[in-house]
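Only one structure is covered here, and it is reproduced in the block below.
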Amino acid sequence: MAAPHQTGPDGPPPRPAPGWPRRVWTRLRGPGPAAEAEPGERERYTLETRFGQLEETLKLANYSALTHVAIAVAVTAFFWDAAPQAYLAGLLAVVTATSALAVAGAWAHRRRRAEMMTEARIGLGYRVSNWIALILGTAWGTMPVVLFAPADSDHRMIVTAIAAGMIADAYVIGPILSVALLFTVPLVAGSFVGLARSGDSIGASLAILLTVYAAFVLFSVRRMSHLSYQRIHDRVRVSDQNETIGLLLHEFEESTSDWLWETDAQGRFDHVSARVAQVAGRRAEDLQGLTLAEVLACGAAGALGSGAAEVVALIESRTAFRDHVVELPFAAGTRWWQLSGKPASDKAGRFTGFRGVGSDITASRDTEARIAFLASYDPLTGLANRALFQDRATAECARVAGSAEACALLYLDLDGFKAVNDTFGHGMGDQLLRSVAGRLQPVSADGLWVFRLGGDEFAVMQRCGGVAEAVALAERLIALVSAPYLIDSVKAEIGVSIGIALTPAHAGTPESLLRKADLALYRAKAKGKGSFFVFEDELEVTQRARRELEADIKLAIERNELALHYQPLTSLRDGCVVCFEALLRWSTPARGPVSPVEFIPVAEATGMIVAIGRHVLGQACREAARWPRHIRVAVNISPIQFRTTGFVDDIAAALATSGLDPDRLEIEITESVFLDKTAITMTNLNELRSMGIRIALDDFGTGYSSLSYLAKFPVDKIKIDRSFVRDINTSDESLAVIEAILAIAQKLSISVTAEGVETTEQAKILKARNCNDIQGYLLSPARPPEDIFPIIERIPQDFKRMLPTDPAQPWPRPVRVVGA
């Protein structure tokens, strides 16, 4: 649809009437209202406004046509004997035919109204209306010209009255200005000519008065047409906006949790929407006529919930309110609504009811409650978390300060949990933690609280009279947690170690209380699994010593105080040295010699073991590069160092700097490396094998399920732990284990070294069972680098003296010692 170039009271017709200049046509139509809508909306509004004007004009078409026919009949009757009868018959025929056409057009419009809402059909309606108006106006315009001059005074009065009345008919057809003009202008012109032709002064005067009257009528009609256009245009726009608002409100209720509510002056629900019925859990017809108080009391209890009474009071007092939260206790669960409303009044100021917006905020309330829960409780176990522990510990420390009362903190750490978690997976570990929490939860009581601090660490706080009550609780918790668990048909057994500290006896702040309980826990785990320990001041001394040791280790690394000694591994076949194990030694002027058992765990706990391991690798490779080609060097690697991403790069750098062949380097790892079977661990293991570096499994047989690693992972050597070798000649069990290990290793083509060999008898038993190498004080302790070459020369000679070379000589059998 093309946009009109002009707008007017009657809207732009499709084209100017034939023979009318566009400029004159535009002036006749008059100025239109300012275009405030978008172009598409402006076109639609104009089309609907023009349709409305046409309908208003056609509504009176029947009455106007009947009036015209009646007047034409009257004129014919009044002037039949005083005027040309042919003219009168023609006037009657034209008016009657044209009026009939107008009635038929109006009837056709009403019958086909739905099809008329197009630009083409509206334009056709305008053109037909214009032609009917023009024909009628021209026909009636001839009446004064023909009848006025020859008539007597009485008939002249009739002509003047009819002409004046016909001019007033412009008000009836006035909604369309062009129709009014096309009807009125010919009538006014004919009246003026007829009056002017009378030849007397009264006729001239009447012509002038008629002209003034016609001008006033035309001006009024133009004004009325403009107002009519504006009124219909505004009505169309308001109707469209109301429809849009209705759609938006419907979409609003459909797509959000909000809804609109409305009550009448008596407070009863009115216009209940489907959304309101849905959130209320009732049918819309059941809610119709109920008061808001009755709706809010429709829950399971039938009584007003929290906040509802306040809303009802505000409505009764006709007070506006905003964002009031009310509780509705339904049978399926509590719902929460947020209501806003304000009183409404009519134009006379009379109260008509309340209008407002409601929202179901149950989901957001549940979310807020969940967030609040997560802020204070552990989501896995449901126990109070570290934040709540901090609050409780702070409160208890403040409560017992300066009094005879006490509060004990029991710090729990699960024993064996990591093995279960690594073996069966984290899902099993999570279930196990929930099971532990399930056993601890019933312990909670007045004055006793249970917390999960993280990982497999728990805490219990107990108001007590002293250490005895705390110890009794610790024993009860150990028995409770250590009982076997059955999870998904898998039996899991763990234990728990507990550190105990009391406030105010041991600490006065939550931080100090937790730190001292942690020290006690560390000592309890050192005692063995399933133990507890009460804090003692000596623990802080030990802790200070540990911190001092950490500082000294850092200085030792910086000052290059760490040295390597080497212990030989001797072949049982010919007594030759085949390898040296690099062992770390540390001695300071202040401390003297420091055992690796003392400082290595500290280095591992602080992460300094990585730097130490890198130093050991470089120094061992440099020393081994000076040895005979057939002798390897073995370096112990911490699991922490082995799991780092740069470990293989450290080895490559050590080999490149020293020039040592990769096949002369042997990496000794413990089976704990395999427990954490991460991508980094497997990548490092495979890269070492691809470089030709040998892998030895140290302390074999002392860990968890060691035999399975021989089949799963690439290992070149296993080292039998000294605990088995020590009892080999007195314990059938130790000998049986060693024989089993040797048999399995032989089948898998894995070399075996026995550690801790200190007697000739032990060496003879191992040789008789085809053990490959031995290591121990029998041949040599670890020695500094300058003793390497003398050891290489001496050991074969000592070996020949200690071990028989005659195969026929009988080998000793182990002697069973009673009570061993």
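All residue names refer to the structure tokens as shown: chains lettered A, B, ... in order, residues numbered from 1 in each chain, ligands numbered from 1 in order.
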Run DSSP on the backbone and tell me which residues of stretch 649-812 of chain A come out as strand (DSSP E or B); list them as a PyMOL selection string. chain A and resi 665-669+694-700+717-720+751-754+773-774+783
Produce a file of the selected residues containing N, CA, C and O atoms, as a PDB file, in the first residue's frame.
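result14.pdb, freshly written:
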```pdb
ATOM      1  N   LEU A 665      71.889 -44.793  33.672  1.00  0.00           N
ATOM      2  CA  LEU A 665      71.141 -44.128  34.737  1.00  0.00           C
ATOM      3  C   LEU A 665      69.954 -44.999  35.127  1.00  0.00           C
ATOM      4  O   LEU A 665      69.200 -45.463  34.276  1.00  0.00           O
ATOM      5  N   GLU A 666      69.801 -45.190  36.429  1.00  0.00           N
ATOM      6  CA  GLU A 666      68.713 -46.005  36.959  1.00  0.00           C
ATOM      7  C   GLU A 666      67.905 -45.143  37.928  1.00  0.00           C
ATOM      8  O   GLU A 666      68.460 -44.573  38.867  1.00  0.00           O
ATOM      9  N   ILE A 667      66.608 -45.021  37.666  1.00  0.00           N
ATOM     10  CA  ILE A 667      65.723 -44.210  38.510  1.00  0.00           C
ATOM     11  C   ILE A 667      64.989 -45.138  39.467  1.00  0.00           C
ATOM     12  O   ILE A 667      64.311 -46.073  39.044  1.00  0.00           O
ATOM     13  N   GLU A 668      65.143 -44.887  40.781  1.00  0.00           N
ATOM     14  CA  GLU A 668      64.458 -45.692  41.783  1.00  0.00           C
ATOM     15  C   GLU A 668      63.233 -44.926  42.287  1.00  0.00           C
ATOM     16  O   GLU A 668      63.350 -43.784  42.748  1.00  0.00           O
ATOM     17  N   ILE A 669      62.075 -45.563  42.164  1.00  0.00           N
ATOM     18  CA  ILE A 669      60.818 -44.962  42.617  1.00  0.00           C
ATOM     19  C   ILE A 669      60.115 -45.953  43.530  1.00  0.00           C
ATOM     20  O   ILE A 669      60.352 -47.158  43.464  1.00  0.00           O
ATOM     21  N   ARG A 694      66.679 -46.912  32.938  1.00  0.00           N
ATOM     22  CA  ARG A 694      66.122 -48.051  33.658  1.00  0.00           C
ATOM     23  C   ARG A 694      65.262 -47.568  34.818  1.00  0.00           C
ATOM     24  O   ARG A 694      65.558 -46.553  35.459  1.00  0.00           O
ATOM     25  N   ILE A 695      64.183 -48.330  35.099  1.00  0.00           N
ATOM     26  CA  ILE A 695      63.266 -48.011  36.193  1.00  0.00           C
ATOM     27  C   ILE A 695      63.342 -49.124  37.224  1.00  0.00           C
ATOM     28  O   ILE A 695      63.150 -50.299  36.904  1.00  0.00           O
ATOM     29  N   ALA A 696      63.628 -48.743  38.478  1.00  0.00           N
ATOM     30  CA  ALA A 696      63.691 -49.702  39.572  1.00  0.00           C
ATOM     31  C   ALA A 696      62.593 -49.381  40.585  1.00  0.00           C
ATOM     32  O   ALA A 696      62.371 -48.210  40.922  1.00  0.00           O
ATOM     33  N   LEU A 697      61.917 -50.445  41.058  1.00  0.00           N
ATOM     34  CA  LEU A 697      60.857 -50.280  42.055  1.00  0.00           C
ATOM     35  C   LEU A 697      61.439 -50.566  43.424  1.00  0.00           C
ATOM     36  O   LEU A 697      61.778 -51.713  43.754  1.00  0.00           O
ATOM     37  N   ASP A 698      61.580 -49.515  44.233  1.00  0.00           N
ATOM     38  CA  ASP A 698      62.246 -49.609  45.526  1.00  0.00           C
ATOM     39  C   ASP A 698      61.266 -50.052  46.618  1.00  0.00           C
ATOM     40  O   ASP A 698      60.046 -49.876  46.497  1.00  0.00           O
ATOM     41  N   ASP A 699      61.821 -50.622  47.709  1.00  0.00           N
ATOM     42  CA  ASP A 699      61.031 -51.049  48.874  1.00  0.00           C
ATOM     43  C   ASP A 699      59.890 -51.964  48.469  1.00  0.00           C
ATOM     44  O   ASP A 699      58.769 -51.873  48.985  1.00  0.00           O
ATOM     45  N   PHE A 700      60.155 -52.876  47.565  1.00  0.00           N
ATOM     46  CA  PHE A 700      59.083 -53.722  47.027  1.00  0.00           C
ATOM     47  C   PHE A 700      58.548 -54.662  48.106  1.00  0.00           C
ATOM     48  O   PHE A 700      59.299 -55.254  48.876  1.00  0.00           O
ATOM     49  N   LYS A 717      63.702 -53.348  37.281  1.00  0.00           N
ATOM     50  CA  LYS A 717      64.276 -53.952  38.473  1.00  0.00           C
ATOM     51  C   LYS A 717      63.339 -53.748  39.650  1.00  0.00           C
ATOM     52  O   LYS A 717      62.645 -52.733  39.729  1.00  0.00           O
ATOM     53  N   ILE A 718      63.323 -54.723  40.548  1.00  0.00           N
ATOM     54  CA  ILE A 718      62.649 -54.546  41.829  1.00  0.00           C
ATOM     55  C   ILE A 718      63.674 -54.771  42.925  1.00  0.00           C
ATOM     56  O   ILE A 718      64.586 -55.585  42.802  1.00  0.00           O
ATOM     57  N   LYS A 719      63.543 -54.012  44.008  1.00  0.00           N
ATOM     58  CA  LYS A 719      64.462 -54.107  45.136  1.00  0.00           C
ATOM     59  C   LYS A 719      63.678 -54.620  46.346  1.00  0.00           C
ATOM     60  O   LYS A 719      62.739 -53.969  46.811  1.00  0.00           O
ATOM     61  N   ILE A 720      64.066 -55.802  46.814  1.00  0.00           N
ATOM     62  CA  ILE A 720      63.383 -56.412  47.955  1.00  0.00           C
ATOM     63  C   ILE A 720      63.735 -55.631  49.217  1.00  0.00           C
ATOM     64  O   ILE A 720      64.922 -55.393  49.516  1.00  0.00           O
ATOM     65  N   SER A 751      65.016 -57.863  36.797  1.00  0.00           N
ATOM     66  CA  SER A 751      66.160 -58.048  37.685  1.00  0.00           C
ATOM     67  C   SER A 751      65.742 -57.772  39.128  1.00  0.00           C
ATOM     68  O   SER A 751      64.864 -56.950  39.384  1.00  0.00           O
ATOM     69  N   VAL A 752      66.407 -58.467  40.109  1.00  0.00           N
ATOM     70  CA  VAL A 752      66.053 -58.332  41.513  1.00  0.00           C
ATOM     71  C   VAL A 752      67.312 -57.998  42.316  1.00  0.00           C
ATOM     72  O   VAL A 752      68.347 -58.658  42.167  1.00  0.00           O
ATOM     73  N   THR A 753      67.164 -56.967  43.165  1.00  0.00           N
ATOM     74  CA  THR A 753      68.234 -56.604  44.097  1.00  0.00           C
ATOM     75  C   THR A 753      67.693 -56.720  45.516  1.00  0.00           C
ATOM     76  O   THR A 753      66.598 -56.243  45.802  1.00  0.00           O
ATOM     77  N   ALA A 754      68.461 -57.376  46.388  1.00  0.00           N
ATOM     78  CA  ALA A 754      68.072 -57.507  47.787  1.00  0.00           C
ATOM     79  C   ALA A 754      68.789 -56.437  48.600  1.00  0.00           C
ATOM     80  O   ALA A 754      70.026 -56.338  48.574  1.00  0.00           O
ATOM     81  N   ASP A 773      71.335 -59.277  42.422  1.00  0.00           N
ATOM     82  CA  ASP A 773      72.302 -58.394  43.074  1.00  0.00           C
ATOM     83  C   ASP A 773      71.959 -58.265  44.554  1.00  0.00           C
ATOM     84  O   ASP A 773      70.822 -58.490  44.966  1.00  0.00           O
ATOM     85  N   ILE A 774      72.979 -57.873  45.319  1.00  0.00           N
ATOM     86  CA  ILE A 774      72.745 -57.580  46.733  1.00  0.00           C
ATOM     87  C   ILE A 774      73.331 -56.216  47.047  1.00  0.00           C
ATOM     88  O   ILE A 774      74.230 -55.711  46.355  1.00  0.00           O
ATOM     89  N   ARG A 783      79.663 -44.620  50.683  1.00  0.00           N
ATOM     90  CA  ARG A 783      80.957 -43.947  50.826  1.00  0.00           C
ATOM     91  C   ARG A 783      80.995 -42.710  49.931  1.00  0.00           C
ATOM     92  O   ARG A 783      80.268 -42.601  48.951  1.00  0.00           O
TER      93      ARG A 783
END
```
Run DSSP on the backbone and grab whatever in stretch 524-580 of chain A lands in alpha helix (DSSP H); send it over as a VMD selection string. chain A and resid 524 to 527 537 to 559
Any idea what the distance is between atom CA of A:Val578 and atom CA of A:Ile631?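 The value is 4.8 Å.
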Extract, using only C-alpha atoms, all DNA, RNA and protein residues at most 9 Å from stretch 787-794 of chain A, discarding same-chain residues fewer than 2 positions from it, and format them as a PyMOL selection string. chain A and resi 566-568+576-577+580+627+780+783-785+796-799
Given the selection you just returned, output its residues as a file containing all heavy atoms, formatted as a short mmCIF file (atom, residue, chain, number, x, y, z; two decimals), in the first residue's frame.
```cif
data_model
loop_
_atom_site.label_atom_id
_atom_site.label_comp_id
_atom_site.auth_asym_id
_atom_site.auth_seq_id
_atom_site.Cartn_x
_atom_site.Cartn_y
_atom_site.Cartn_z
N TYR A 566 77.82 -43.00 47.99
CA TYR A 566 77.41 -44.03 47.04
C TYR A 566 77.59 -45.41 47.67
O TYR A 566 78.66 -45.72 48.20
CB TYR A 566 78.22 -43.93 45.75
CG TYR A 566 78.05 -42.59 45.06
CD1 TYR A 566 78.90 -41.52 45.36
CD2 TYR A 566 77.05 -42.41 44.12
CE1 TYR A 566 78.74 -40.30 44.75
CE2 TYR A 566 76.90 -41.18 43.49
CZ TYR A 566 77.74 -40.13 43.81
OH TYR A 566 77.58 -38.91 43.20
N GLN A 567 76.54 -46.22 47.62
CA GLN A 567 76.60 -47.59 48.13
C GLN A 567 76.56 -48.56 46.96
O GLN A 567 75.70 -48.44 46.08
CB GLN A 567 75.44 -47.87 49.08
CG GLN A 567 75.56 -49.23 49.78
CD GLN A 567 74.48 -49.44 50.82
OE1 GLN A 567 73.39 -48.89 50.71
NE2 GLN A 567 74.80 -50.23 51.85
N PRO A 568 77.49 -49.53 46.93
CA PRO A 568 77.57 -50.41 45.76
C PRO A 568 76.48 -51.48 45.75
O PRO A 568 76.00 -51.92 46.79
CB PRO A 568 78.95 -51.04 45.91
CG PRO A 568 79.20 -51.03 47.38
CD PRO A 568 78.56 -49.78 47.90
N CYS A 576 81.14 -58.73 41.13
CA CYS A 576 81.53 -57.42 40.59
C CYS A 576 80.48 -56.36 40.92
O CYS A 576 79.29 -56.65 40.98
CB CYS A 576 81.73 -57.50 39.08
SG CYS A 576 83.12 -58.54 38.59
N VAL A 577 80.96 -55.15 41.11
CA VAL A 577 80.05 -54.02 41.33
C VAL A 577 79.39 -53.66 40.00
O VAL A 577 80.08 -53.43 39.00
CB VAL A 577 80.81 -52.81 41.89
CG1 VAL A 577 79.87 -51.61 42.01
CG2 VAL A 577 81.44 -53.14 43.23
N PHE A 580 76.03 -48.21 41.62
CA PHE A 580 76.12 -47.49 42.88
C PHE A 580 74.83 -46.71 43.09
O PHE A 580 74.35 -46.04 42.17
CB PHE A 580 77.30 -46.51 42.88
CG PHE A 580 78.62 -47.17 43.13
CD1 PHE A 580 79.42 -47.56 42.07
CD2 PHE A 580 79.07 -47.38 44.43
CE1 PHE A 580 80.65 -48.16 42.30
CE2 PHE A 580 80.30 -47.98 44.65
CZ PHE A 580 81.09 -48.38 43.59
N TRP A 627 83.14 -43.19 36.02
CA TRP A 627 83.30 -44.58 36.40
C TRP A 627 83.47 -45.46 35.15
O TRP A 627 83.21 -45.04 34.03
CB TRP A 627 82.09 -45.07 37.19
CG TRP A 627 81.79 -44.24 38.43
CD1 TRP A 627 82.62 -43.41 39.09
CD2 TRP A 627 80.52 -44.19 39.11
NE1 TRP A 627 82.00 -42.83 40.16
CE2 TRP A 627 80.69 -43.29 40.20
CE3 TRP A 627 79.30 -44.81 38.93
CZ2 TRP A 627 79.67 -43.00 41.08
CZ3 TRP A 627 78.27 -44.54 39.83
CH2 TRP A 627 78.46 -43.64 40.89
N SER A 780 79.66 -53.07 51.74
CA SER A 780 80.13 -51.70 51.95
C SER A 780 78.97 -50.79 52.30
O SER A 780 77.89 -50.92 51.72
CB SER A 780 80.82 -51.16 50.70
OG SER A 780 81.17 -49.79 50.85
N ARG A 783 79.66 -44.62 50.68
CA ARG A 783 80.96 -43.95 50.83
C ARG A 783 81.00 -42.71 49.93
O ARG A 783 80.27 -42.60 48.95
CB ARG A 783 82.09 -44.89 50.44
CG ARG A 783 82.15 -46.18 51.25
CD ARG A 783 82.40 -45.91 52.72
NE ARG A 783 83.68 -45.23 52.92
CZ ARG A 783 84.03 -44.59 54.02
NH1 ARG A 783 83.19 -44.54 55.05
NH2 ARG A 783 85.21 -44.02 54.11
N PRO A 784 81.89 -41.73 50.27
CA PRO A 784 82.00 -40.52 49.45
C PRO A 784 82.59 -40.85 48.07
O PRO A 784 83.13 -41.94 47.84
CB PRO A 784 82.94 -39.64 50.27
CG PRO A 784 83.69 -40.57 51.15
CD PRO A 784 82.76 -41.71 51.46
N PRO A 785 82.53 -39.93 47.15
CA PRO A 785 82.95 -40.18 45.76
C PRO A 785 84.40 -40.62 45.63
O PRO A 785 84.72 -41.44 44.75
CB PRO A 785 82.70 -38.84 45.07
CG PRO A 785 81.68 -38.15 45.90
CD PRO A 785 81.93 -38.58 47.31
N PRO A 796 85.14 -57.47 44.68
CA PRO A 796 85.22 -58.81 44.09
C PRO A 796 86.10 -59.76 44.91
O PRO A 796 85.79 -60.95 45.04
CB PRO A 796 85.78 -58.55 42.70
CG PRO A 796 85.37 -57.15 42.39
CD PRO A 796 85.45 -56.42 43.69
N GLN A 797 87.18 -59.22 45.48
CA GLN A 797 88.05 -60.06 46.29
C GLN A 797 87.36 -60.49 47.59
O GLN A 797 87.41 -61.66 47.99
CB GLN A 797 89.34 -59.29 46.61
CG GLN A 797 90.10 -58.88 45.35
CD GLN A 797 91.30 -57.98 45.68
OE1 GLN A 797 91.63 -57.79 46.84
NE2 GLN A 797 91.92 -57.44 44.64
N ASP A 798 86.66 -59.53 48.24
CA ASP A 798 85.94 -59.87 49.47
C ASP A 798 84.82 -60.87 49.18
O ASP A 798 84.55 -61.78 49.98
CB ASP A 798 85.34 -58.61 50.10
CG ASP A 798 86.42 -57.66 50.59
OD1 ASP A 798 87.57 -58.09 50.71
OD2 ASP A 798 86.08 -56.47 50.83
N PHE A 799 84.21 -60.74 48.05
CA PHE A 799 83.11 -61.61 47.67
C PHE A 799 83.58 -63.06 47.54
O PHE A 799 82.92 -64.00 48.00
CB PHE A 799 82.49 -61.11 46.36
CG PHE A 799 81.29 -61.90 45.91
CD1 PHE A 799 80.03 -61.62 46.40
CD2 PHE A 799 81.42 -62.95 45.01
CE1 PHE A 799 78.92 -62.34 45.99
CE2 PHE A 799 80.34 -63.68 44.61
CZ PHE A 799 79.08 -63.39 45.10
#
```
Closest to A:Ala401 among A:Arg365, A:Arg335, A:Arg44, A:His506, using only C-alpha atoms? A:His506
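Near A:Leu314, within 12 Å and counting only C-alpha atoms, sit Gly267, Leu292, Ala293, Gly307, Ala308, Ala309, Glu310, Arg318, Thr319, Ala320, Phe321, Arg322, His324, Leu339, Ser340, Gly341, Lys342, Pro343 and Phe354 of chain A; same-chain residues fewer than 4 positions away were not included.
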Selected residues, N, CA, C and O atoms, written as a PDB file, in the first residue's frame, please.
```
ATOM      1  N   GLY A 267     -13.333  -5.874  47.582  1.00  0.00           N
ATOM      2  CA  GLY A 267     -12.140  -6.667  47.814  1.00  0.00           C
ATOM      3  C   GLY A 267     -12.185  -8.051  47.201  1.00  0.00           C
ATOM      4  O   GLY A 267     -11.315  -8.887  47.485  1.00  0.00           O
ATOM      5  N   LEU A 292      -8.908 -11.419  48.587  1.00  0.00           N
ATOM      6  CA  LEU A 292      -7.490 -11.754  48.597  1.00  0.00           C
ATOM      7  C   LEU A 292      -7.125 -12.522  49.857  1.00  0.00           C
ATOM      8  O   LEU A 292      -6.289 -13.436  49.815  1.00  0.00           O
ATOM      9  N   ALA A 293      -7.765 -12.197  50.972  1.00  0.00           N
ATOM     10  CA  ALA A 293      -7.492 -12.925  52.215  1.00  0.00           C
ATOM     11  C   ALA A 293      -7.860 -14.389  52.064  1.00  0.00           C
ATOM     12  O   ALA A 293      -7.149 -15.285  52.532  1.00  0.00           O
ATOM     13  N   GLY A 307       3.314 -12.840  56.736  1.00  0.00           N
ATOM     14  CA  GLY A 307       3.221 -11.666  55.876  1.00  0.00           C
ATOM     15  C   GLY A 307       1.859 -11.447  55.260  1.00  0.00           C
ATOM     16  O   GLY A 307       1.577 -10.347  54.757  1.00  0.00           O
ATOM     17  N   ALA A 308       0.968 -12.444  55.249  1.00  0.00           N
ATOM     18  CA  ALA A 308      -0.323 -12.311  54.588  1.00  0.00           C
ATOM     19  C   ALA A 308      -1.242 -11.359  55.351  1.00  0.00           C
ATOM     20  O   ALA A 308      -1.970 -10.560  54.752  1.00  0.00           O
ATOM     21  N   ALA A 309      -1.249 -11.440  56.673  1.00  0.00           N
ATOM     22  CA  ALA A 309      -2.124 -10.589  57.476  1.00  0.00           C
ATOM     23  C   ALA A 309      -1.799  -9.115  57.254  1.00  0.00           C
ATOM     24  O   ALA A 309      -2.705  -8.269  57.201  1.00  0.00           O
ATOM     25  N   GLU A 310      -0.529  -8.795  57.081  1.00  0.00           N
ATOM     26  CA  GLU A 310      -0.133  -7.412  56.856  1.00  0.00           C
ATOM     27  C   GLU A 310      -0.667  -6.904  55.520  1.00  0.00           C
ATOM     28  O   GLU A 310      -1.154  -5.775  55.423  1.00  0.00           O
ATOM     29  N   ARG A 318      -6.975   0.516  52.433  1.00  0.00           N
ATOM     30  CA  ARG A 318      -6.818   1.153  51.126  1.00  0.00           C
ATOM     31  C   ARG A 318      -5.486   1.893  51.019  1.00  0.00           C
ATOM     32  O   ARG A 318      -5.395   3.017  50.553  1.00  0.00           O
ATOM     33  N   THR A 319      -4.425   1.205  51.462  1.00  0.00           N
ATOM     34  CA  THR A 319      -3.074   1.764  51.429  1.00  0.00           C
ATOM     35  C   THR A 319      -2.237   1.026  50.386  1.00  0.00           C
ATOM     36  O   THR A 319      -2.233  -0.208  50.352  1.00  0.00           O
ATOM     37  N   ALA A 320      -1.560   1.793  49.561  1.00  0.00           N
ATOM     38  CA  ALA A 320      -0.700   1.175  48.554  1.00  0.00           C
ATOM     39  C   ALA A 320       0.462   0.459  49.232  1.00  0.00           C
ATOM     40  O   ALA A 320       0.948   0.891  50.283  1.00  0.00           O
ATOM     41  N   PHE A 321       0.905  -0.628  48.637  1.00  0.00           N
ATOM     42  CA  PHE A 321       2.046  -1.374  49.180  1.00  0.00           C
ATOM     43  C   PHE A 321       2.877  -1.908  48.029  1.00  0.00           C
ATOM     44  O   PHE A 321       2.417  -2.001  46.889  1.00  0.00           O
ATOM     45  N   ARG A 322       4.114  -2.272  48.348  1.00  0.00           N
ATOM     46  CA  ARG A 322       5.047  -2.689  47.300  1.00  0.00           C
ATOM     47  C   ARG A 322       5.969  -3.785  47.826  1.00  0.00           C
ATOM     48  O   ARG A 322       6.526  -3.670  48.916  1.00  0.00           O
ATOM     49  N   HIS A 324       5.666  -6.831  49.062  1.00  0.00           N
ATOM     50  CA  HIS A 324       5.434  -7.521  50.323  1.00  0.00           C
ATOM     51  C   HIS A 324       5.461  -9.024  50.064  1.00  0.00           C
ATOM     52  O   HIS A 324       4.783  -9.525  49.162  1.00  0.00           O
ATOM     53  N   LEU A 339       3.905  -9.462  46.502  1.00  0.00           N
ATOM     54  CA  LEU A 339       2.746  -8.717  46.021  1.00  0.00           C
ATOM     55  C   LEU A 339       2.993  -7.217  46.105  1.00  0.00           C
ATOM     56  O   LEU A 339       3.597  -6.720  47.061  1.00  0.00           O
ATOM     57  N   SER A 340       2.498  -6.508  45.087  1.00  0.00           N
ATOM     58  CA  SER A 340       2.461  -5.050  45.076  1.00  0.00           C
ATOM     59  C   SER A 340       1.068  -4.645  44.623  1.00  0.00           C
ATOM     60  O   SER A 340       0.459  -5.315  43.776  1.00  0.00           O
ATOM     61  N   GLY A 341       0.541  -3.555  45.159  1.00  0.00           N
ATOM     62  CA  GLY A 341      -0.790  -3.114  44.766  1.00  0.00           C
ATOM     63  C   GLY A 341      -1.048  -1.690  45.198  1.00  0.00           C
ATOM     64  O   GLY A 341      -0.378  -1.146  46.078  1.00  0.00           O
ATOM     65  N   LYS A 342      -2.046  -1.082  44.550  1.00  0.00           N
ATOM     66  CA  LYS A 342      -2.456   0.267  44.928  1.00  0.00           C
ATOM     67  C   LYS A 342      -3.953   0.411  44.663  1.00  0.00           C
ATOM     68  O   LYS A 342      -4.512  -0.236  43.762  1.00  0.00           O
ATOM     69  N   PRO A 343      -4.626   1.264  45.419  1.00  0.00           N
ATOM     70  CA  PRO A 343      -6.066   1.448  45.225  1.00  0.00           C
ATOM     71  C   PRO A 343      -6.354   2.192  43.930  1.00  0.00           C
ATOM     72  O   PRO A 343      -5.565   3.034  43.490  1.00  0.00           O
ATOM     73  N   PHE A 354      -8.611  -2.690  44.062  1.00  0.00           N
ATOM     74  CA  PHE A 354      -7.145  -2.688  44.056  1.00  0.00           C
ATOM     75  C   PHE A 354      -6.650  -3.264  42.736  1.00  0.00           C
ATOM     76  O   PHE A 354      -7.262  -4.172  42.159  1.00  0.00           O
TER      77      PHE A 354
END
```
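By chain and then residue number, the residues within 8 Å of stretch 204-211 of chain A are Ala164, Val188, Ser191, Phe192, Val193, Leu195, Ala196 and Ser198 of chain A, counting only C-alpha atoms and disregarding those fewer than 6 positions away in sequence.
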Hey, can you spit out that residue selection with N, CA, C and O atoms as a CSV table (one decimal), in the first residue's frame?
```csv
chain,number,residue,atom,x,y,z
A,164,ALA,N,-32.1,26.7,2.3
A,164,ALA,CA,-31.4,26.8,3.6
A,164,ALA,C,-31.3,25.5,4.3
A,164,ALA,O,-30.2,25.1,4.9
A,188,VAL,N,-25.3,26.0,-3.0
A,188,VAL,CA,-25.1,27.5,-2.6
A,188,VAL,C,-25.1,28.3,-3.9
A,188,VAL,O,-25.7,29.4,-4.0
A,191,SER,N,-28.5,28.6,-5.4
A,191,SER,CA,-29.4,29.5,-4.6
A,191,SER,C,-29.0,30.9,-4.9
A,191,SER,O,-29.9,31.8,-5.0
A,192,PHE,N,-27.7,31.2,-4.9
A,192,PHE,CA,-27.3,32.6,-5.2
A,192,PHE,C,-27.7,33.1,-6.5
A,192,PHE,O,-28.2,34.2,-6.7
A,193,VAL,N,-27.6,32.2,-7.5
A,193,VAL,CA,-28.0,32.6,-8.9
A,193,VAL,C,-29.5,32.8,-8.9
A,193,VAL,O,-30.0,33.8,-9.5
A,195,LEU,N,-31.6,33.6,-6.4
A,195,LEU,CA,-32.0,34.9,-5.7
A,195,LEU,C,-31.6,36.1,-6.5
A,195,LEU,O,-32.3,37.1,-6.5
A,196,ALA,N,-30.4,36.0,-7.1
A,196,ALA,CA,-29.9,37.2,-7.9
A,196,ALA,C,-30.8,37.5,-9.1
A,196,ALA,O,-30.9,38.6,-9.5
A,198,SER,N,-33.9,37.3,-9.4
A,198,SER,CA,-35.3,37.7,-9.0
A,198,SER,C,-35.5,39.2,-9.5
A,198,SER,O,-36.6,39.6,-9.7
```
Nearby residues (only C-alpha atoms) at most 12 Å from A:Ala65, same-chain spacing under 5 positions excluded, as a PyMOL selection string: chain A and resi 57-60+70-72+94-106+132-133+136+169+172-173
